file data05.csv (CSV, C-alpha atoms)
chain,number,residue,atom,x,y,z
C,1,MET,CA,89.4,113.0,120.2
C,2,GLU,CA,88.4,113.7,116.6
C,3,PHE,CA,90.6,112.6,113.7
C,4,ASN,CA,91.6,116.2,112.7
C,5,GLU,CA,92.5,117.1,116.2
C,6,PHE,CA,94.7,114.0,116.4
C,7,ILE,CA,96.5,114.9,113.2
C,8,ILE,CA,97.2,118.4,114.4
C,9,LEU,CA,98.8,117.0,117.6
C,10,LEU,CA,100.8,114.4,115.7
C,11,GLU,CA,102.1,117.0,113.3
C,12,LYS,CA,103.3,119.2,116.2
C,13,ARG,CA,104.9,116.2,117.9
C,14,LEU,CA,106.8,115.2,114.7
C,15,GLN,CA,108.4,118.7,114.7
C,16,MET,CA,110.0,117.9,118.1
C,17,PRO,CA,113.0,115.5,118.7
C,18,LEU,CA,112.1,112.0,117.6
C,19,PRO,CA,112.4,108.9,119.8
C,20,GLY,CA,114.9,107.6,117.3
C,21,ARG,CA,117.0,104.4,117.5
C,22,THR,CA,116.1,103.8,121.1
C,23,ALA,CA,112.5,103.3,120.2
C,24,GLN,CA,113.4,101.2,117.1
C,25,LEU,CA,115.6,98.8,119.1
C,26,LYS,CA,112.7,97.9,121.4
C,27,MET,CA,111.4,95.7,118.6
C,28,SER,CA,114.7,94.6,117.2
C,29,SER,CA,116.0,91.0,117.3
C,30,LEU,CA,119.4,90.2,118.8
C,31,VAL,CA,120.7,89.6,115.3
C,32,ARG,CA,119.6,93.0,114.1
C,33,ILE,CA,121.2,94.7,117.2
C,34,GLN,CA,124.4,93.0,116.4
C,35,GLU,CA,124.2,94.1,112.7
C,36,LEU,CA,123.6,97.7,113.7
C,37,LEU,CA,126.5,97.6,116.1
C,38,ARG,CA,128.8,96.0,113.5
C,39,PHE,CA,127.8,98.0,110.4
C,40,SER,CA,127.7,101.7,109.7
C,41,THR,CA,125.5,102.9,106.9
C,42,PRO,CA,127.6,102.4,103.7
C,43,GLU,CA,128.0,105.1,101.1
C,44,ASP,CA,126.3,102.8,98.5
C,45,ALA,CA,123.2,102.1,100.6
C,46,ARG,CA,120.1,102.3,98.4
C,47,GLN,CA,117.8,105.2,99.4
C,48,SER,CA,114.2,104.2,99.9
C,49,SER,CA,111.1,105.3,101.7
C,50,VAL,CA,107.9,103.8,103.1
C,51,LEU,CA,104.5,105.5,103.8
C,52,ILE,CA,102.7,105.4,107.2
C,53,LEU,CA,99.2,106.4,106.0
C,54,LEU,CA,96.7,107.3,108.7
C,55,PHE,CA,93.0,107.6,108.0
C,56,PRO,CA,89.6,107.4,109.8
C,57,TYR,CA,88.8,103.7,110.4
C,58,ASN,CA,86.1,102.1,112.5
C,59,ASP,CA,85.4,105.2,114.5
C,60,THR,CA,89.1,105.5,115.4
C,61,ILE,CA,92.3,105.8,113.4
C,62,GLY,CA,93.8,103.3,111.0
C,63,LEU,CA,97.0,102.6,109.2
C,64,VAL,CA,97.7,100.3,106.3
C,65,LEU,CA,100.2,97.5,106.0
C,66,MET,CA,100.7,94.8,103.3
C,67,LEU,CA,101.8,91.2,103.1
C,68,ARG,CA,104.4,90.6,100.5
C,69,PRO,CA,104.1,87.5,98.4
C,70,GLU,CA,106.6,84.6,98.6
C,71,TYR,CA,109.6,85.3,96.3
C,72,LYS,CA,113.4,84.7,96.3
C,73,GLY,CA,114.4,87.6,98.5
C,74,VAL,CA,115.2,88.6,102.0
C,75,HIS,CA,111.7,90.1,102.7
C,76,SER,CA,109.7,87.3,101.2
C,77,GLY,CA,106.3,86.7,102.9
C,78,GLN,CA,106.8,89.5,105.4
C,79,ILE,CA,104.4,92.2,106.4
C,80,SER,CA,105.6,95.7,105.5
C,81,LEU,CA,104.6,99.3,105.0
C,82,PRO,CA,104.1,100.3,101.3
C,83,GLY,CA,107.1,101.8,99.7
C,84,GLY,CA,110.3,101.1,97.9
C,85,LYS,CA,113.5,102.3,96.3
C,86,LEU,CA,114.2,105.9,95.2
C,87,GLU,CA,114.4,106.0,91.4
C,88,ASP,CA,116.4,108.4,89.4
C,89,THR,CA,113.3,110.1,88.2
C,90,ASP,CA,111.8,110.6,91.7
C,91,GLU,CA,112.0,114.2,92.9
C,92,SER,CA,112.2,113.3,96.6
C,93,LEU,CA,111.7,110.4,99.1
C,94,ILE,CA,108.2,111.7,99.7
C,95,PHE,CA,107.5,111.3,96.0
C,96,THR,CA,109.0,107.7,96.2
C,97,ALA,CA,106.7,106.7,99.1
C,98,LEU,CA,103.6,108.0,97.4
C,99,ARG,CA,104.5,106.6,94.0
C,100,GLU,CA,105.3,103.1,95.4
C,101,SER,CA,102.1,103.2,97.5
C,102,GLN,CA,100.1,104.0,94.5
C,103,GLU,CA,101.6,101.2,92.6
C,104,GLU,CA,101.3,98.6,95.4
C,105,ILE,CA,98.0,99.4,97.1
C,106,GLY,CA,96.3,101.8,94.8
C,107,ILE,CA,96.2,105.0,96.8
C,108,ASP,CA,95.6,108.4,95.2
C,109,PRO,CA,98.7,110.5,96.0
C,110,GLY,CA,96.7,113.7,95.5
C,111,GLN,CA,94.5,112.8,98.5
C,112,VAL,CA,97.5,112.3,100.9
C,113,GLN,CA,98.8,115.1,103.1
C,114,ILE,CA,102.3,114.7,104.3
C,115,ILE,CA,103.0,115.8,107.9
C,116,GLY,CA,106.4,114.6,108.8
C,117,GLN,CA,108.8,111.6,108.9
C,118,LEU,CA,110.4,109.3,111.4
C,119,THR,CA,114.0,108.3,111.9
C,120,GLU,CA,115.7,106.7,109.0
C,121,MET,CA,116.9,103.1,109.3
C,122,TYR,CA,119.6,101.1,107.6
C,123,ILE,CA,118.7,97.5,106.8
C,124,PRO,CA,121.9,95.5,106.2
C,125,PRO,CA,120.3,92.4,104.5
C,126,SER,CA,118.9,94.5,101.6
C,127,ASN,CA,121.3,97.4,101.9
C,128,PHE,CA,118.4,99.9,102.0
C,129,LEU,CA,118.4,103.1,104.0
C,130,VAL,CA,114.7,103.6,104.7
C,131,THR,CA,113.0,106.9,105.6
C,132,PRO,CA,109.4,106.5,107.0
C,133,ILE,CA,107.1,109.2,105.7
C,134,ILE,CA,103.9,110.0,107.6
C,135,GLY,CA,100.8,111.2,105.8
C,136,TYR,CA,97.1,111.1,106.2
C,137,GLN,CA,93.8,111.1,104.3
C,138,SER,CA,90.7,112.7,105.8
C,139,THR,CA,88.5,109.9,104.4
C,140,ALA,CA,89.1,106.2,104.4
C,141,PRO,CA,91.0,105.1,101.2
C,142,ARG,CA,89.8,102.4,98.8
C,143,PHE,CA,92.8,100.1,98.5
C,144,THR,CA,93.6,98.0,95.4
C,145,ALA,CA,96.5,95.5,95.7
C,146,ASP,CA,98.9,94.9,92.9
C,147,PRO,CA,99.0,91.1,93.0
C,148,LYS,CA,102.6,91.0,91.8
C,149,GLU,CA,103.7,92.9,94.9
C,150,VAL,CA,101.0,92.4,97.5
C,151,ALA,CA,99.5,89.2,98.7
C,152,LYS,CA,97.1,90.9,101.1
C,153,ILE,CA,96.3,94.5,102.3
C,154,ILE,CA,96.1,94.7,106.1
C,155,GLU,CA,94.3,97.6,107.9
C,156,VAL,CA,94.9,98.0,111.6
C,157,GLU,CA,93.9,100.5,114.3
C,158,ILE,CA,96.5,102.6,116.2
C,159,ASP,CA,94.9,101.1,119.3
C,160,ASP,CA,96.4,97.8,118.2
C,161,LEU,CA,99.9,99.3,118.4
C,162,LEU,CA,99.1,100.8,121.8
C,163,ASP,CA,97.8,97.5,123.2
C,164,GLU,CA,100.6,95.9,125.2
C,165,LYS,CA,99.1,92.4,124.7
C,166,ASN,CA,99.9,92.7,121.0
C,167,ARG,CA,103.7,92.9,121.7
C,168,GLN,CA,104.9,89.3,121.7
C,169,MET,CA,108.0,87.2,121.1
C,170,LYS,CA,107.6,84.9,118.0
C,171,LYS,CA,109.8,82.4,116.4
C,172,MET,CA,110.5,83.6,112.9
C,173,LYS,CA,112.7,82.5,110.0
C,174,LEU,CA,115.5,85.0,109.3
C,175,SER,CA,117.1,85.8,105.9
C,176,LEU,CA,119.9,83.2,106.2
C,177,GLY,CA,117.5,80.3,107.1
C,178,LEU,CA,118.0,80.7,110.8
C,179,SER,CA,115.0,80.6,113.2
C,180,LEU,CA,115.0,83.0,116.1
C,181,LYS,CA,112.5,84.4,118.6
C,182,VAL,CA,112.0,88.0,117.8
C,183,PRO,CA,109.8,90.9,119.1
C,184,SER,CA,106.7,91.3,117.1
C,185,TYR,CA,103.3,93.0,117.0
C,186,THR,CA,100.8,90.2,116.7
C,187,ILE,CA,97.6,91.8,115.5
C,188,ARG,CA,94.6,89.7,114.5
C,189,GLY,CA,96.7,86.9,113.5
C,190,ASN,CA,99.2,89.0,111.5
C,191,ILE,CA,102.8,88.9,112.8
C,192,ILE,CA,104.7,92.1,112.2
C,193,TRP,CA,108.4,91.9,112.9
C,194,GLY,CA,111.8,93.1,111.6
C,195,ALA,CA,112.2,96.6,110.2
C,196,THR,CA,108.5,97.2,110.0
C,197,ALA,CA,108.0,96.5,113.7
C,198,MET,CA,111.0,98.7,114.5
C,199,ILE,CA,109.5,101.6,112.5
C,200,LEU,CA,106.1,101.1,114.2
C,201,SER,CA,107.8,101.0,117.6
C,202,GLU,CA,109.0,104.6,117.0
C,203,LEU,CA,105.5,105.6,115.9
C,204,ARG,CA,104.1,103.9,119.0
C,205,ASP,CA,106.3,105.9,121.3
C,206,ILE,CA,105.1,109.1,119.7
C,207,LEU,CA,101.5,107.9,120.1
C,208,ILE,CA,102.1,107.3,123.8
C,209,ASP,CA,103.5,110.8,124.1
C,210,ILE,CA,100.3,112.2,122.6
C,211,THR,CA,98.2,109.9,124.8
C,212,GLN,CA,99.9,110.9,128.0
C,213,SER,CA,100.0,114.6,127.2
C,214,HIS,CA,96.4,114.9,125.9
C,215,GLN,CA,94.5,112.0,127.5
C,216,PHE,CA,94.0,110.7,124.0
C,217,LYS,CA,92.2,107.5,123.4
C,218,ALA,CA,91.5,106.6,119.8

call {"tool": "encode", "arguments": {"input": "data05.csv", "output": "structure tokens"}}
result
Amino acid sequence: MEFNEFIILLEKRLQMPLPGRTAQLKMSSLVRIQELLRFSTPEDARQSSVLILLFPYNDTIGLVLMLRPEYKGVHSGQISLPGGKLEDTDESLIFTALRESQEEIGIDPGQVQIIGQLTEMYIPPSNFLVTPIIGYQSTAPRFTADPKEVAKIIEVEIDDLLDEKNRQMKKMKLSLGLSLKVPSYTIRGNIIWGATAMILSELRDILIDITQSHQFKA
């Protein structure tokens, strides 16, 4: 299936009911499940958004992730999607996702077409309410990492998400210093877990829907 045909099918699927929390929890640690059951989203949760950017890549379809540098914070050294906090000057969460992605990985917002979003997710350790925004570029972007915010840019194929062998349990260090085995996507040595894995789990379920309905193989 060609890239443009895939994007048309994805956009149509995003207009239908989303897999939602059920899909997110497939890649959630026991600690996160307990947090979600214990906490409702507070009124002072900080609005934020991340960008799932799709593009032609190695004769298939790619998406971009980034490794955050080590710092004193709950998401230090983790792999994430580009994005960040809604600022007072931002006109929308879409604007936030594009602005932050431009700052972090050097995309050109004018080249990105937005086609939908996934289910929002509350992250108790950072008090962020995150909305995943989905967009695409018709040509492969040229990424440039901001060294203050990005240790490494990681490009993966959507086939990597669909490959069941890449879903593994890994022992990871949590925000309070605890170590726990958690569900992860382990892709070419990169361990993707936590909120990012939960977001990608919902995307994966949507990709499976497209695969089953249209015999799609990237």

call {"tool": "closest_residue", "arguments": {"input": "data05.csv", "among": "C:Asn4, C:Ser126, C:Gln102, C:Gln78", "to": "Ile191 (chain C)", "atoms": "only C-alpha atoms"}}
result
C:Gln78

call {"tool": "atom_distance", "arguments": {"input": "data05.csv", "atom1": "CA of Gln47 (chain C)", "atom2": "CA of Asp90 (chain C)"}}
result
11.2 Å

call {"tool": "closest_residue", "arguments": {"input": "data05.csv", "among": "C:Thr96, C:Ser80, C:Gln15, C:Thr89", "to": "Val64 (chain C)", "atoms": "all atoms listed in the file"}}
result
C:Ser80

call {"tool": "residues_around", "arguments": {"input": "data05.csv", "residues": "region 201-211 of chain C", "least_positions_apart": "3", "cutoff": "10 Å", "atoms": "all atoms listed in the file", "output": "number ranges by chain"}}
result
C: 6, 9-10, 12-14, 18-28, 52, 117-119, 132, 134, 158-163, 167, 184-185, 195-198, 214-218

call {"tool": "closest_residue", "arguments": {"input": "data05.csv", "among": "C:Ser29, C:Leu129, C:Lys165, C:Gly116", "to": "Gly194 (chain C)", "atoms": "all atoms listed in the file"}}
result
C:Ser29

call {"tool": "atom_distance", "arguments": {"input": "data05.csv", "atom1": "CA of Gln34 (chain C)", "atom2": "CA of Lys181 (chain C)"}}
result
14.8 Å

call {"tool": "closest_residue", "arguments": {"input": "data05.csv", "among": "C:Ile79, C:Leu93, C:Val130, C:Ala140", "to": "Trp193 (chain C)", "atoms": "all atoms listed in the file"}}
result
C:Ile79

call {"tool": "atom_distance", "arguments": {"input": "data05.csv", "atom1": "CA of Gln137 (chain C)", "atom2": "CA of Phe55 (chain C)"}}
result
5.2 Å

call {"tool": "closest_residue", "arguments": {"input": "data05.csv", "among": "C:Ile7, C:Val31, C:Leu65, C:Ala45", "to": "Glu157 (chain C)", "atoms": "all atoms listed in the file"}}
result
C:Leu65

call {"tool": "residues_near_point", "arguments": {"input": "data05.csv", "point": "(114.8, 101.1, 93.2)", "cutoff": "10 Å", "atoms": "all atoms listed in the file", "output": "list in words"}}
result
Arg46, Gln47, Ser48, Gly84, Lys85, Leu86, Glu87, Asp88, Thr96, Glu100 and Phe128 of chain C

call {"tool": "closest_residue", "arguments": {"input": "data05.csv", "among": "C:Pro42, C:Phe3, C:Arg32, C:Thr139", "to": "Asp108 (chain C)", "atoms": "only C-alpha atoms"}}
result
C:Thr139

call {"tool": "decode", "arguments": {"input": "data05.csv", "residues": "region 23-68 of chain C", "atoms": "N, CA and C atoms", "output": "mmCIF file, in the first residue's frame"}}
result
data_model
loop_
_atom_site.group_PDB
_atom_site.id
_atom_site.type_symbol
_atom_site.label_atom_id
_atom_site.label_comp_id
_atom_site.auth_asym_id
_atom_site.auth_seq_id
_atom_site.Cartn_x
_atom_site.Cartn_y
_atom_site.Cartn_z
ATOM 1 N N ALA C 23 -6.687 0.182 25.203
ATOM 2 C CA ALA C 23 -5.449 -0.010 24.433
ATOM 3 C C ALA C 23 -4.251 0.528 25.206
ATOM 4 N N GLN C 24 -4.397 1.667 25.858
ATOM 5 C CA GLN C 24 -3.296 2.245 26.618
ATOM 6 C C GLN C 24 -2.811 1.302 27.705
ATOM 7 N N LEU C 25 -3.756 0.679 28.421
ATOM 8 C CA LEU C 25 -3.403 -0.143 29.569
ATOM 9 C C LEU C 25 -2.680 -1.435 29.187
ATOM 10 N N LYS C 26 -2.736 -1.813 27.923
ATOM 11 C CA LYS C 26 -1.989 -2.998 27.486
ATOM 12 C C LYS C 26 -0.489 -2.831 27.717
ATOM 13 N N MET C 27 -0.012 -1.587 27.712
ATOM 14 C CA MET C 27 1.413 -1.321 27.892
ATOM 15 C C MET C 27 1.680 -0.526 29.172
ATOM 16 N N SER C 28 0.815 -0.719 30.153
ATOM 17 C CA SER C 28 0.933 0.015 31.412
ATOM 18 C C SER C 28 1.508 -0.876 32.502
ATOM 19 N N SER C 29 2.374 -0.305 33.323
ATOM 20 C CA SER C 29 2.887 -1.022 34.482
ATOM 21 C C SER C 29 1.798 -1.142 35.541
ATOM 22 N N LEU C 30 1.988 -2.062 36.465
ATOM 23 C CA LEU C 30 1.037 -2.224 37.570
ATOM 24 C C LEU C 30 0.947 -0.934 38.376
ATOM 25 N N VAL C 31 2.075 -0.258 38.554
ATOM 26 C CA VAL C 31 2.072 1.009 39.300
ATOM 27 C C VAL C 31 1.200 2.042 38.594
ATOM 28 N N ARG C 32 1.309 2.140 37.266
ATOM 29 C CA ARG C 32 0.516 3.115 36.530
ATOM 30 C C ARG C 32 -0.979 2.770 36.601
ATOM 31 N N ILE C 33 -1.302 1.488 36.506
ATOM 32 C CA ILE C 33 -2.706 1.082 36.617
ATOM 33 C C ILE C 33 -3.261 1.487 37.971
ATOM 34 N N GLN C 34 -2.482 1.272 39.026
ATOM 35 C CA GLN C 34 -2.921 1.659 40.368
ATOM 36 C C GLN C 34 -3.093 3.168 40.475
ATOM 37 N N GLU C 35 -2.182 3.921 39.848
ATOM 38 C CA GLU C 35 -2.299 5.387 39.859
ATOM 39 C C GLU C 35 -3.576 5.837 39.145
ATOM 40 N N LEU C 36 -3.854 5.230 37.991
ATOM 41 C CA LEU C 36 -5.025 5.623 37.217
ATOM 42 C C LEU C 36 -6.315 5.299 37.957
ATOM 43 N N LEU C 37 -6.308 4.192 38.712
ATOM 44 C CA LEU C 37 -7.487 3.831 39.490
ATOM 45 C C LEU C 37 -7.640 4.737 40.706
ATOM 46 N N ARG C 38 -6.510 5.212 41.237
ATOM 47 C CA ARG C 38 -6.536 6.002 42.465
ATOM 48 C C ARG C 38 -6.768 7.486 42.208
ATOM 49 N N PHE C 39 -6.264 7.976 41.064
ATOM 50 C CA PHE C 39 -6.334 9.411 40.794
ATOM 51 C C PHE C 39 -7.293 9.700 39.643
ATOM 52 N N SER C 40 -8.134 10.691 39.825
ATOM 53 C CA SER C 40 -8.847 11.270 38.695
ATOM 54 C C SER C 40 -8.015 12.448 38.195
ATOM 55 N N THR C 41 -8.283 12.904 36.985
ATOM 56 C CA THR C 41 -7.516 14.022 36.452
ATOM 57 C C THR C 41 -7.849 15.294 37.229
ATOM 58 N N PRO C 42 -6.877 15.899 37.903
ATOM 59 C CA PRO C 42 -7.167 17.094 38.711
ATOM 60 C C PRO C 42 -7.421 18.319 37.845
ATOM 61 N N GLU C 43 -8.103 19.284 38.413
ATOM 62 C CA GLU C 43 -8.410 20.506 37.668
ATOM 63 C C GLU C 43 -7.156 21.296 37.320
ATOM 64 N N ASP C 44 -6.094 21.132 38.113
ATOM 65 C CA ASP C 44 -4.867 21.891 37.846
ATOM 66 C C ASP C 44 -3.866 21.116 36.984
ATOM 67 N N ALA C 45 -4.311 20.018 36.362
ATOM 68 C CA ALA C 45 -3.417 19.275 35.469
ATOM 69 C C ALA C 45 -2.935 20.184 34.348
ATOM 70 N N ARG C 46 -1.659 20.050 33.999
ATOM 71 C CA ARG C 46 -1.069 20.909 32.984
ATOM 72 C C ARG C 46 -1.339 20.336 31.591
ATOM 73 N N GLN C 47 -2.010 21.117 30.760
ATOM 74 C CA GLN C 47 -2.325 20.680 29.404
ATOM 75 C C GLN C 47 -1.043 20.592 28.577
ATOM 76 N N SER C 48 -0.934 19.517 27.827
ATOM 77 C CA SER C 48 0.235 19.339 26.970
ATOM 78 C C SER C 48 -0.151 18.478 25.779
ATOM 79 N N SER C 49 0.739 18.409 24.806
ATOM 80 C CA SER C 49 0.479 17.564 23.636
ATOM 81 C C SER C 49 1.796 17.048 23.083
ATOM 82 N N VAL C 50 1.700 15.914 22.391
ATOM 83 C CA VAL C 50 2.853 15.331 21.706
ATOM 84 C C VAL C 50 2.466 15.081 20.258
ATOM 85 N N LEU C 51 3.476 14.961 19.398
ATOM 86 C CA LEU C 51 3.237 14.768 17.973
ATOM 87 C C LEU C 51 3.659 13.368 17.543
ATOM 88 N N ILE C 52 2.727 12.642 16.952
ATOM 89 C CA ILE C 52 3.043 11.393 16.252
ATOM 90 C C ILE C 52 3.170 11.765 14.778
ATOM 91 N N LEU C 53 4.410 11.879 14.315
ATOM 92 C CA LEU C 53 4.677 12.325 12.946
ATOM 93 C C LEU C 53 4.997 11.117 12.073
ATOM 94 N N LEU C 54 4.187 10.898 11.046
ATOM 95 C CA LEU C 54 4.363 9.788 10.112
ATOM 96 C C LEU C 54 4.956 10.310 8.811
ATOM 97 N N PHE C 55 5.810 9.496 8.167
ATOM 98 C CA PHE C 55 6.486 9.940 6.950
ATOM 99 C C PHE C 55 7.018 8.720 6.200
ATOM 100 N N PRO C 56 7.258 8.858 4.881
ATOM 101 C CA PRO C 56 7.863 7.754 4.128
ATOM 102 C C PRO C 56 9.258 7.455 4.671
ATOM 103 N N TYR C 57 9.539 6.160 4.842
ATOM 104 C CA TYR C 57 10.810 5.790 5.483
ATOM 105 C C TYR C 57 11.194 4.367 5.067
ATOM 106 N N ASN C 58 12.333 4.213 4.408
ATOM 107 C CA ASN C 58 12.833 2.894 4.018
ATOM 108 C C ASN C 58 11.788 2.061 3.267
ATOM 109 N N ASP C 59 11.115 2.664 2.310
ATOM 110 C CA ASP C 59 10.078 1.987 1.517
ATOM 111 C C ASP C 59 8.877 1.560 2.338
ATOM 112 N N THR C 60 8.739 2.098 3.531
ATOM 113 C CA THR C 60 7.570 1.829 4.356
ATOM 114 C C THR C 60 7.168 3.147 5.028
ATOM 115 N N ILE C 61 6.688 3.084 6.271
ATOM 116 C CA ILE C 61 6.205 4.282 6.966
ATOM 117 C C ILE C 61 6.928 4.404 8.295
ATOM 118 N N GLY C 62 7.447 5.580 8.565
ATOM 119 C CA GLY C 62 8.205 5.803 9.780
ATOM 120 C C GLY C 62 7.511 6.749 10.729
ATOM 121 N N LEU C 63 7.982 6.729 11.970
ATOM 122 C CA LEU C 63 7.592 7.744 12.950
ATOM 123 C C LEU C 63 8.822 8.067 13.778
ATOM 124 N N VAL C 64 8.803 9.237 14.399
ATOM 125 C CA VAL C 64 9.994 9.715 15.091
ATOM 126 C C VAL C 64 9.762 9.769 16.601
ATOM 127 N N LEU C 65 10.775 9.311 17.316
ATOM 128 C CA LEU C 65 10.830 9.390 18.771
ATOM 129 C C LEU C 65 12.128 10.098 19.146
ATOM 130 N N MET C 66 12.283 10.378 20.424
ATOM 131 C CA MET C 66 13.527 11.012 20.849
ATOM 132 C C MET C 66 13.897 10.543 22.252
ATOM 133 N N LEU C 67 15.183 10.456 22.488
ATOM 134 C CA LEU C 67 15.708 10.107 23.803
ATOM 135 C C LEU C 67 15.989 11.394 24.560
ATOM 136 N N ARG C 68 15.362 11.526 25.720
ATOM 137 C CA ARG C 68 15.606 12.717 26.532
ATOM 138 C C ARG C 68 16.929 12.562 27.287
#
